[in-house]
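Text of the file coords_19.cif, holding mmCIF, C-alpha atoms:
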```
data_final
#
loop_
_atom_site.group_PDB
_atom_site.id
_atom_site.type_symbol
_atom_site.label_atom_id
_atom_site.label_comp_id
_atom_site.auth_asym_id
_atom_site.auth_seq_id
_atom_site.Cartn_x
_atom_site.Cartn_y
_atom_site.Cartn_z
ATOM 1 C CA MET E 1 -27.662 21.367 8.966
ATOM 2 C CA ARG E 2 -28.536 24.555 10.863
ATOM 3 C CA HIS E 3 -29.160 28.146 9.781
ATOM 4 C CA PHE E 4 -28.839 31.368 11.804
ATOM 5 C CA LEU E 5 -31.605 33.632 10.536
ATOM 6 C CA GLN E 6 -32.806 35.120 13.829
ATOM 7 C CA MET E 7 -32.040 34.756 17.520
ATOM 8 C CA LYS E 8 -34.738 32.182 18.214
ATOM 9 C CA ASP E 9 -32.988 29.682 15.920
ATOM 10 C CA PHE E 10 -30.677 28.627 18.780
ATOM 11 C CA THR E 11 -31.275 27.605 22.389
ATOM 12 C CA ARG E 12 -29.863 29.258 25.504
ATOM 13 C CA ASP E 13 -27.474 26.340 25.934
ATOM 14 C CA GLU E 14 -26.206 26.742 22.371
ATOM 15 C CA TYR E 15 -25.673 30.453 22.922
ATOM 16 C CA GLU E 16 -23.725 29.771 26.091
ATOM 17 C CA HIS E 17 -21.494 27.500 24.022
ATOM 18 C CA LEU E 18 -21.047 30.203 21.363
ATOM 19 C CA LEU E 19 -20.159 32.828 23.975
ATOM 20 C CA GLU E 20 -17.564 30.533 25.506
ATOM 21 C CA ARG E 21 -16.108 29.709 22.080
ATOM 22 C CA ALA E 22 -15.989 33.415 21.180
ATOM 23 C CA LYS E 23 -14.017 34.030 24.388
ATOM 24 C CA ILE E 24 -11.541 31.277 23.506
ATOM 25 C CA LEU E 25 -11.174 32.351 19.870
ATOM 26 C CA LYS E 26 -10.670 35.981 20.883
ATOM 27 C CA ALA E 27 -7.928 34.993 23.346
ATOM 28 C CA ARG E 28 -6.174 32.990 20.628
ATOM 29 C CA PHE E 29 -6.419 35.963 18.250
ATOM 30 C CA LYS E 30 -4.999 38.356 20.857
ATOM 31 C CA ASN E 31 -2.110 35.988 21.609
ATOM 32 C CA TYR E 32 -1.264 35.253 17.954
ATOM 33 C CA ILE E 33 -2.115 31.571 18.323
ATOM 34 C CA PRO E 34 -3.125 30.142 14.907
ATOM 35 C CA TYR E 35 -6.372 28.184 14.785
ATOM 36 C CA GLN E 36 -7.590 27.110 11.357
ATOM 37 C CA PRO E 37 -10.220 24.371 11.568
ATOM 38 C CA LEU E 38 -11.969 25.585 8.383
ATOM 39 C CA THR E 39 -9.062 25.124 5.973
ATOM 40 C CA ASP E 40 -10.324 24.915 2.368
ATOM 41 C CA ARG E 41 -13.870 25.918 3.414
ATOM 42 C CA MET E 42 -15.518 28.697 1.412
ATOM 43 C CA LEU E 43 -17.865 31.455 2.620
ATOM 44 C CA ALA E 44 -20.059 33.289 0.096
ATOM 45 C CA MET E 45 -20.945 36.796 1.309
ATOM 46 C CA VAL E 46 -24.036 38.154 -0.464
ATOM 47 C CA PHE E 47 -24.614 41.900 -0.115
ATOM 48 C CA GLU E 48 -27.739 43.672 -1.286
ATOM 49 C CA LYS E 49 -27.169 46.305 1.414
ATOM 50 C CA SER E 50 -23.848 48.095 1.797
ATOM 51 C CA SER E 51 -21.628 47.207 4.725
ATOM 52 C CA THR E 52 -18.371 47.961 6.525
ATOM 53 C CA ARG E 53 -18.351 45.978 9.778
ATOM 54 C CA THR E 54 -20.259 42.985 8.425
ATOM 55 C CA ARG E 55 -17.965 42.538 5.441
ATOM 56 C CA VAL E 56 -14.705 43.059 7.328
ATOM 57 C CA SER E 57 -15.691 40.867 10.287
ATOM 58 C CA PHE E 58 -16.912 37.931 8.194
ATOM 59 C CA GLU E 59 -14.098 38.131 5.668
ATOM 60 C CA ALA E 60 -11.378 38.454 8.302
ATOM 61 C CA GLY E 61 -13.075 35.790 10.406
ATOM 62 C CA ILE E 62 -13.203 33.100 7.739
ATOM 63 C CA TYR E 63 -9.573 33.832 6.784
ATOM 64 C CA GLN E 64 -8.464 33.521 10.410
ATOM 65 C CA LEU E 65 -10.239 30.157 10.614
ATOM 66 C CA GLY E 66 -8.347 28.970 7.513
ATOM 67 C CA GLY E 67 -11.081 29.452 4.915
ATOM 68 C CA GLN E 68 -11.730 31.860 2.071
ATOM 69 C CA ALA E 69 -14.480 34.344 1.200
ATOM 70 C CA ILE E 70 -16.234 35.354 -2.009
ATOM 71 C CA HIS E 71 -17.925 38.769 -2.127
ATOM 72 C CA LEU E 72 -21.129 38.961 -4.203
ATOM 73 C CA ASP E 73 -23.333 41.999 -4.788
ATOM 74 C CA SER E 74 -26.293 42.925 -6.983
ATOM 75 C CA GLN E 75 -24.221 45.176 -9.243
ATOM 76 C CA SER E 76 -21.736 42.560 -10.421
ATOM 77 C CA THR E 77 -23.813 39.345 -10.361
ATOM 78 C CA GLN E 78 -27.168 37.966 -11.490
ATOM 79 C CA LEU E 79 -28.593 38.953 -8.081
ATOM 80 C CA GLY E 80 -29.595 42.278 -9.595
ATOM 81 C CA ARG E 81 -31.065 40.782 -12.759
ATOM 82 C CA SER E 82 -34.196 39.118 -11.425
ATOM 83 C CA GLU E 83 -32.880 35.592 -11.104
ATOM 84 C CA PRO E 84 -35.193 33.795 -8.655
ATOM 85 C CA ILE E 85 -33.581 33.620 -5.239
ATOM 86 C CA GLU E 86 -34.403 29.905 -5.097
ATOM 87 C CA ASP E 87 -32.234 29.333 -8.192
ATOM 88 C CA THR E 88 -29.428 31.475 -6.802
ATOM 89 C CA ALA E 89 -29.479 29.467 -3.574
ATOM 90 C CA ARG E 90 -29.403 26.134 -5.402
ATOM 91 C CA VAL E 91 -26.361 27.179 -7.446
ATOM 92 C CA ILE E 92 -24.286 29.034 -4.838
ATOM 93 C CA SER E 93 -24.792 26.386 -2.167
ATOM 94 C CA ARG E 94 -23.338 23.719 -4.481
ATOM 95 C CA MET E 95 -20.083 25.673 -4.720
ATOM 96 C CA VAL E 96 -19.441 26.929 -1.180
ATOM 97 C CA ASP E 97 -19.686 25.651 2.382
ATOM 98 C CA LEU E 98 -21.433 28.577 4.066
ATOM 99 C CA VAL E 99 -23.465 31.629 2.985
ATOM 100 C CA MET E 100 -23.911 34.988 4.720
ATOM 101 C CA ILE E 101 -26.619 37.299 3.325
ATOM 102 C CA ARG E 102 -27.152 41.006 4.068
ATOM 103 C CA THR E 103 -30.350 42.109 2.387
ATOM 104 C CA PHE E 104 -33.713 43.852 2.773
ATOM 105 C CA GLU E 105 -36.646 41.531 3.531
ATOM 106 C CA GLN E 106 -36.290 38.667 6.009
ATOM 107 C CA GLU E 107 -38.270 36.572 3.558
ATOM 108 C CA LYS E 108 -35.284 36.613 1.189
ATOM 109 C CA VAL E 109 -32.897 34.948 3.635
ATOM 110 C CA GLU E 110 -35.590 32.443 4.562
ATOM 111 C CA GLN E 111 -36.245 31.592 0.910
ATOM 112 C CA PHE E 112 -32.534 31.247 0.301
ATOM 113 C CA ALA E 113 -32.085 28.994 3.328
ATOM 114 C CA ALA E 114 -35.038 26.825 2.297
ATOM 115 C CA HIS E 115 -33.259 25.988 -0.974
ATOM 116 C CA SER E 116 -29.666 25.927 0.283
ATOM 117 C CA ARG E 117 -27.543 22.825 0.776
ATOM 118 C CA VAL E 118 -25.302 24.666 3.256
ATOM 119 C CA PRO E 119 -25.832 26.786 6.397
ATOM 120 C CA VAL E 120 -27.084 30.342 5.861
ATOM 121 C CA ILE E 121 -26.378 33.295 8.181
ATOM 122 C CA ASN E 122 -28.458 36.461 8.368
ATOM 123 C CA GLY E 123 -25.952 39.335 8.148
ATOM 124 C CA LEU E 124 -28.821 41.854 8.459
ATOM 125 C CA THR E 125 -32.367 42.272 7.185
ATOM 126 C CA ASN E 126 -35.021 44.917 7.712
ATOM 127 C CA GLU E 127 -36.528 42.747 10.427
ATOM 128 C CA TYR E 128 -33.574 41.243 12.336
ATOM 129 C CA HIS E 129 -29.840 41.675 12.999
ATOM 130 C CA PRO E 130 -28.875 38.618 15.073
ATOM 131 C CA CYS E 131 -25.106 38.744 14.529
ATOM 132 C CA GLN E 132 -24.945 42.259 15.963
ATOM 133 C CA VAL E 133 -27.018 41.452 19.044
ATOM 134 C CA LEU E 134 -24.957 38.312 19.636
ATOM 135 C CA ALA E 135 -21.825 40.502 19.605
ATOM 136 C CA ASP E 136 -23.514 42.977 21.949
ATOM 137 C CA ILE E 137 -24.412 40.246 24.438
ATOM 138 C CA PHE E 138 -20.873 38.869 24.311
ATOM 139 C CA THR E 139 -19.523 42.370 24.959
ATOM 140 C CA TYR E 140 -21.775 42.822 27.983
ATOM 141 C CA VAL E 141 -20.783 39.416 29.360
ATOM 142 C CA GLU E 142 -17.112 40.331 28.934
ATOM 143 C CA GLN E 143 -17.545 43.629 30.734
ATOM 144 C CA ARG E 144 -20.190 42.940 33.387
ATOM 145 C CA GLY E 145 -21.166 39.253 33.403
ATOM 146 C CA SER E 146 -24.518 37.657 32.648
ATOM 147 C CA LEU E 147 -27.470 39.686 31.312
ATOM 148 C CA THR E 148 -29.950 37.425 33.072
ATOM 149 C CA GLY E 149 -32.160 39.492 35.359
ATOM 150 C CA LYS E 150 -30.751 42.771 34.045
ATOM 151 C CA THR E 151 -32.470 45.595 32.121
ATOM 152 C CA VAL E 152 -31.547 46.704 28.603
ATOM 153 C CA ALA E 153 -32.844 50.098 27.450
ATOM 154 C CA TRP E 154 -33.340 50.551 23.718
ATOM 155 C CA ILE E 155 -33.702 54.238 22.800
ATOM 156 C CA GLY E 156 -34.916 55.177 19.329
ATOM 157 C CA ASP E 157 -36.405 53.516 16.315
ATOM 158 C CA ALA E 158 -38.373 50.273 16.469
ATOM 159 C CA ASN E 159 -36.064 48.655 13.944
ATOM 160 C CA ASN E 160 -34.331 45.346 13.268
ATOM 161 C CA MET E 161 -32.126 45.795 16.336
ATOM 162 C CA SER E 162 -34.988 46.365 18.762
ATOM 163 C CA TYR E 163 -36.906 43.324 17.498
ATOM 164 C CA THR E 164 -33.762 41.200 17.780
ATOM 165 C CA TRP E 165 -33.170 42.469 21.313
ATOM 166 C CA LEU E 166 -36.690 41.330 22.197
ATOM 167 C CA GLU E 167 -35.948 37.835 20.905
ATOM 168 C CA ALA E 168 -32.744 37.845 22.951
ATOM 169 C CA ALA E 169 -34.640 38.937 26.088
ATOM 170 C CA ARG E 170 -36.797 35.812 25.908
ATOM 171 C CA ILE E 171 -33.751 33.563 25.524
ATOM 172 C CA PHE E 172 -31.437 35.193 28.084
ATOM 173 C CA ASP E 173 -34.189 36.188 30.533
ATOM 174 C CA PHE E 174 -33.664 39.932 30.850
ATOM 175 C CA LYS E 175 -36.022 42.906 30.651
ATOM 176 C CA LEU E 176 -36.124 45.131 27.561
ATOM 177 C CA ASN E 177 -37.249 48.748 27.906
ATOM 178 C CA VAL E 178 -37.999 50.278 24.509
ATOM 179 C CA ALA E 179 -38.466 54.041 24.136
ATOM 180 C CA THR E 180 -39.843 55.312 20.820
ATOM 181 C CA PRO E 181 -41.792 58.430 19.804
ATOM 182 C CA LYS E 182 -45.524 58.074 19.248
ATOM 183 C CA GLY E 183 -46.134 56.536 15.869
ATOM 184 C CA TYR E 184 -42.854 54.606 15.899
ATOM 185 C CA GLU E 185 -43.746 51.942 18.480
ATOM 186 C CA MET E 186 -42.848 48.273 18.147
ATOM 187 C CA LYS E 187 -45.628 46.213 16.587
ATOM 188 C CA SER E 188 -46.365 42.538 16.262
ATOM 189 C CA GLN E 189 -44.649 41.258 13.158
ATOM 190 C CA ARG E 190 -44.358 38.066 11.154
ATOM 191 C CA GLY E 191 -47.207 36.443 13.086
ATOM 192 C CA GLU E 192 -45.573 36.917 16.490
ATOM 193 C CA THR E 193 -47.038 38.900 19.369
ATOM 194 C CA LEU E 194 -45.054 41.284 21.536
ATOM 195 C CA ASP E 195 -44.174 39.577 24.808
ATOM 196 C CA ASN E 196 -45.049 41.844 27.723
ATOM 197 C CA ALA E 197 -43.304 39.462 30.102
ATOM 198 C CA TYR E 198 -39.989 40.807 28.786
ATOM 199 C CA LEU E 199 -40.930 44.095 27.103
ATOM 200 C CA ALA E 200 -41.851 47.477 28.559
ATOM 201 C CA ALA E 201 -42.728 50.276 26.112
ATOM 202 C CA PHE E 202 -42.123 53.976 26.775
ATOM 203 C CA THR E 203 -42.496 57.273 24.958
ATOM 204 C CA ASP E 204 -40.204 59.000 27.481
ATOM 205 C CA PRO E 205 -36.603 57.806 26.976
ATOM 206 C CA MET E 206 -35.564 58.951 30.456
ATOM 207 C CA LEU E 207 -38.059 56.534 31.996
ATOM 208 C CA ALA E 208 -36.786 53.702 29.793
ATOM 209 C CA ALA E 209 -33.185 54.392 30.770
ATOM 210 C CA LYS E 210 -33.903 54.629 34.506
ATOM 211 C CA GLY E 211 -31.929 51.936 36.306
ATOM 212 C CA ALA E 212 -30.923 50.174 33.051
ATOM 213 C CA HIS E 213 -27.719 48.152 33.016
ATOM 214 C CA LEU E 214 -27.205 48.645 29.287
ATOM 215 C CA VAL E 215 -28.343 51.620 27.200
ATOM 216 C CA THR E 216 -28.205 51.124 23.456
ATOM 217 C CA THR E 217 -29.393 52.927 20.345
ATOM 218 C CA ASP E 218 -29.013 53.164 16.563
ATOM 219 C CA VAL E 219 -29.338 55.782 13.850
ATOM 220 C CA TRP E 220 -32.841 57.198 13.596
ATOM 221 C CA THR E 221 -33.081 56.403 9.878
ATOM 222 C CA SER E 222 -32.132 52.859 8.907
ATOM 223 C CA MET E 223 -31.085 51.825 5.391
ATOM 224 C CA GLY E 224 -34.091 51.821 3.094
ATOM 225 C CA TYR E 225 -35.916 54.605 4.968
ATOM 226 C CA GLU E 226 -33.867 57.571 3.759
ATOM 227 C CA ALA E 227 -36.948 59.343 2.372
ATOM 228 C CA GLU E 228 -38.172 59.719 5.973
ATOM 229 C CA THR E 229 -34.969 61.325 7.288
ATOM 230 C CA GLU E 230 -36.311 64.817 8.039
ATOM 231 C CA ALA E 231 -39.582 63.558 9.493
ATOM 232 C CA ARG E 232 -37.672 61.179 11.729
ATOM 233 C CA LYS E 233 -35.281 63.876 12.949
ATOM 234 C CA ASN E 234 -38.280 65.903 14.075
ATOM 235 C CA ALA E 235 -40.039 62.932 15.668
ATOM 236 C CA PHE E 236 -36.946 61.748 17.543
ATOM 237 C CA ALA E 237 -35.943 65.130 18.943
ATOM 238 C CA GLY E 238 -35.349 64.510 22.646
ATOM 239 C CA PHE E 239 -34.255 60.897 22.090
ATOM 240 C CA CYS E 240 -30.522 61.611 21.987
ATOM 241 C CA VAL E 241 -28.651 59.456 24.492
ATOM 242 C CA ASP E 242 -26.679 62.064 26.440
ATOM 243 C CA ARG E 243 -24.945 62.275 29.819
ATOM 244 C CA LYS E 244 -28.199 63.108 31.591
ATOM 245 C CA MET E 245 -29.835 59.966 30.213
ATOM 246 C CA MET E 246 -26.854 57.810 31.132
ATOM 247 C CA ALA E 247 -26.932 59.302 34.643
ATOM 248 C CA ALA E 248 -30.493 57.961 34.993
ATOM 249 C CA ALA E 249 -29.243 54.452 34.253
ATOM 250 C CA ASP E 250 -27.491 52.137 36.689
ATOM 251 C CA LYS E 251 -24.167 53.571 37.917
ATOM 252 C CA ASP E 252 -22.294 50.752 36.156
ATOM 253 C CA ALA E 253 -24.368 50.941 32.955
ATOM 254 C CA LEU E 254 -22.698 50.473 29.583
ATOM 255 C CA PHE E 255 -23.495 52.306 26.351
ATOM 256 C CA MET E 256 -23.620 50.480 23.021
ATOM 257 C CA HIS E 257 -24.286 51.455 19.406
ATOM 258 C CA CYS E 258 -24.093 49.109 16.401
ATOM 259 C CA LEU E 259 -22.530 51.883 14.259
ATOM 260 C CA PRO E 260 -22.187 53.945 12.156
ATOM 261 C CA ALA E 261 -23.174 56.707 14.601
ATOM 262 C CA HIS E 262 -24.287 60.309 14.110
ATOM 263 C CA ARG E 263 -22.883 62.299 17.012
ATOM 264 C CA GLY E 264 -25.319 64.969 18.095
ATOM 265 C CA GLU E 265 -28.351 63.030 16.802
ATOM 266 C CA GLU E 266 -29.050 59.662 18.441
ATOM 267 C CA VAL E 267 -26.048 59.963 20.791
ATOM 268 C CA SER E 268 -23.959 62.810 22.136
ATOM 269 C CA ALA E 269 -20.212 62.815 21.520
ATOM 270 C CA ASP E 270 -19.402 62.784 25.226
ATOM 271 C CA VAL E 271 -21.373 59.539 25.653
ATOM 272 C CA ILE E 272 -20.131 57.557 22.658
ATOM 273 C CA ASP E 273 -16.567 58.689 23.310
ATOM 274 C CA GLY E 274 -16.953 58.569 27.095
ATOM 275 C CA PRO E 275 -15.994 56.038 29.783
ATOM 276 C CA GLN E 276 -19.278 54.101 29.728
ATOM 277 C CA SER E 277 -19.106 53.458 25.994
ATOM 278 C CA VAL E 278 -17.955 50.049 24.725
ATOM 279 C CA VAL E 279 -18.824 50.625 21.066
ATOM 280 C CA TRP E 280 -15.324 49.814 19.791
ATOM 281 C CA GLU E 281 -15.120 46.577 21.792
ATOM 282 C CA GLU E 282 -18.641 45.815 20.552
ATOM 283 C CA ALA E 283 -17.586 46.353 16.921
ATOM 284 C CA GLU E 284 -14.500 44.163 17.306
ATOM 285 C CA ASN E 285 -16.518 41.409 18.907
ATOM 286 C CA ARG E 286 -18.494 40.919 15.701
ATOM 287 C CA LEU E 287 -15.323 39.209 14.466
ATOM 288 C CA HIS E 288 -15.056 36.799 17.359
ATOM 289 C CA VAL E 289 -18.704 35.778 17.791
ATOM 290 C CA GLN E 290 -19.025 35.223 14.039
ATOM 291 C CA LYS E 291 -15.969 32.990 14.055
ATOM 292 C CA ALA E 292 -17.615 30.976 16.825
ATOM 293 C CA LEU E 293 -20.839 30.925 14.815
ATOM 294 C CA MET E 294 -19.182 29.707 11.606
ATOM 295 C CA GLU E 295 -17.258 27.054 13.526
ATOM 296 C CA PHE E 296 -20.481 25.840 15.172
ATOM 297 C CA LEU E 297 -22.507 25.752 11.935
ATOM 298 C CA LEU E 298 -19.854 23.783 10.061
ATOM 299 C CA LEU E 299 -18.265 21.618 12.767
ATOM 300 C CA GLY E 300 -20.790 21.490 15.607
ATOM 301 C CA ARG E 301 -19.632 21.802 19.213
ATOM 302 C CA ILE E 302 -15.881 22.113 19.608
ATOM 303 C CA ASN E 303 -14.479 22.024 23.136
ATOM 304 C CA SER E 304 -10.755 22.444 22.536
#
```
Write out the structure in this file as structure tokens.
Amino acid sequence: MRHFLQMKDFTRDEYEHLLERAKILKARFKNYIPYQPLTDRMLAMVFEKSSTRTRVSFEAGIYQLGGQAIHLDSQSTQLGRSEPIEDTARVISRMVDLVMIRTFEQEKVEQFAAHSRVPVINGLTNEYHPCQVLADIFTYVEQRGSLTGKTVAWIGDANNMSYTWLEAARIFDFKLNVATPKGYEMKSQRGETLDNAYLAAFTDPMLAAKGAHLVTTDVWTSMGYEAETEARKNAFAGFCVDRKMMAAADKDALFMHCLPAHRGEEVSADVIDGPQSVVWEEAENRLHVQKALMEFLLLGRINS
């Protein structure tokens, strides 16, 4: 049994398999070719953080693969009534085949997985967002080919996305430029050190974007940090990804954003809605990489 709690849980070879399966499953979807290897399998989706793309992509994905989904949240279940997460994991995992959790602390998904009888997927935590970065990598591969040897520029907050991108850089062998304001830099977390072999830190976003093959960002205030909204707007002034910043990147650079986006804050409208933006393809690809992920966790390698 395997879990997908952060990028380092899989090898490069396993990711190459997932990317190829996502390509095949997407082609079948686009051509209306039914493929339902997970008939009668059940996915429990546990949400302690609100969601649009995560819920729709996982729910649609499991249905397309022949399975069913159950939506659980803290308002309508014992999750919000102080039941130990270990007990919740023991019960839920006896009734379903797969669990996806979108919550706050990474420790919660790890505790759940440690007591689960079925595979657990991290749908997002404060520390990591592996499903999104997997979709982003698949989108880049679709559009431009391999990320190996390329440069990804992360502009903005040192959040769950930036830390997941750093894990991905180690696996896929690309360079990550991270631009954050002073006081918002990436730090060593969860006992791991920042790897300077793959990471370059900047306080000037134009320098981070220079020559990059992919420029990506996120909202300046992630869920759970709303009390810091005004302070962050002031600190991140000048970090908006605009046409000038994209012009500093490679001429074939792509722009990505995990959404939802605030036009005029972290990205200008003419960039996110412009020709270099692949945000809508990126959002759709959550569906296809997560189908490949669920197939792999439940059935192993499929080559048909």
- Item | Spatial neighbours of E:Ala200, max dist 8 Å, all atoms listed in the file, sep filter under 2 positions, as a ChimeraX atom specification | /E:175-178,196,198,202
- Evaluate the PyMOL selection byres ((chain E and resi 261-265) around 9) and record the selected residues as a VMD selection string, following the chain and residue labels used in the document. chain E and resid 218 to 220 233 236 to 237 239 to 242 257 to 260 266 to 270 272
- Query: So what does the PyMOL selection byres ((chain E and resi 97-106) around 7) actually pick up in this one, as a VMD selection string?
  - Reply: chain E and resid 41 to 49 93 96 107 to 110 118 to 127
- Query: So how many Å separate atom CA of E:Leu194 and atom CA of E:Thr180, to one decimal?
  - Reply: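 According to the coordinates, atom CA of E:Leu194 and atom CA of E:Thr180 are separated by 15.0 Å.
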- Nearest to E:Glu86 by atom-to-atom distance, counting only C-alpha atoms, from E:Gln189, E:Gln111, E:Ser74, E:Gln64: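 Smallest separation from E:Glu86 among the options: E:Gln111.
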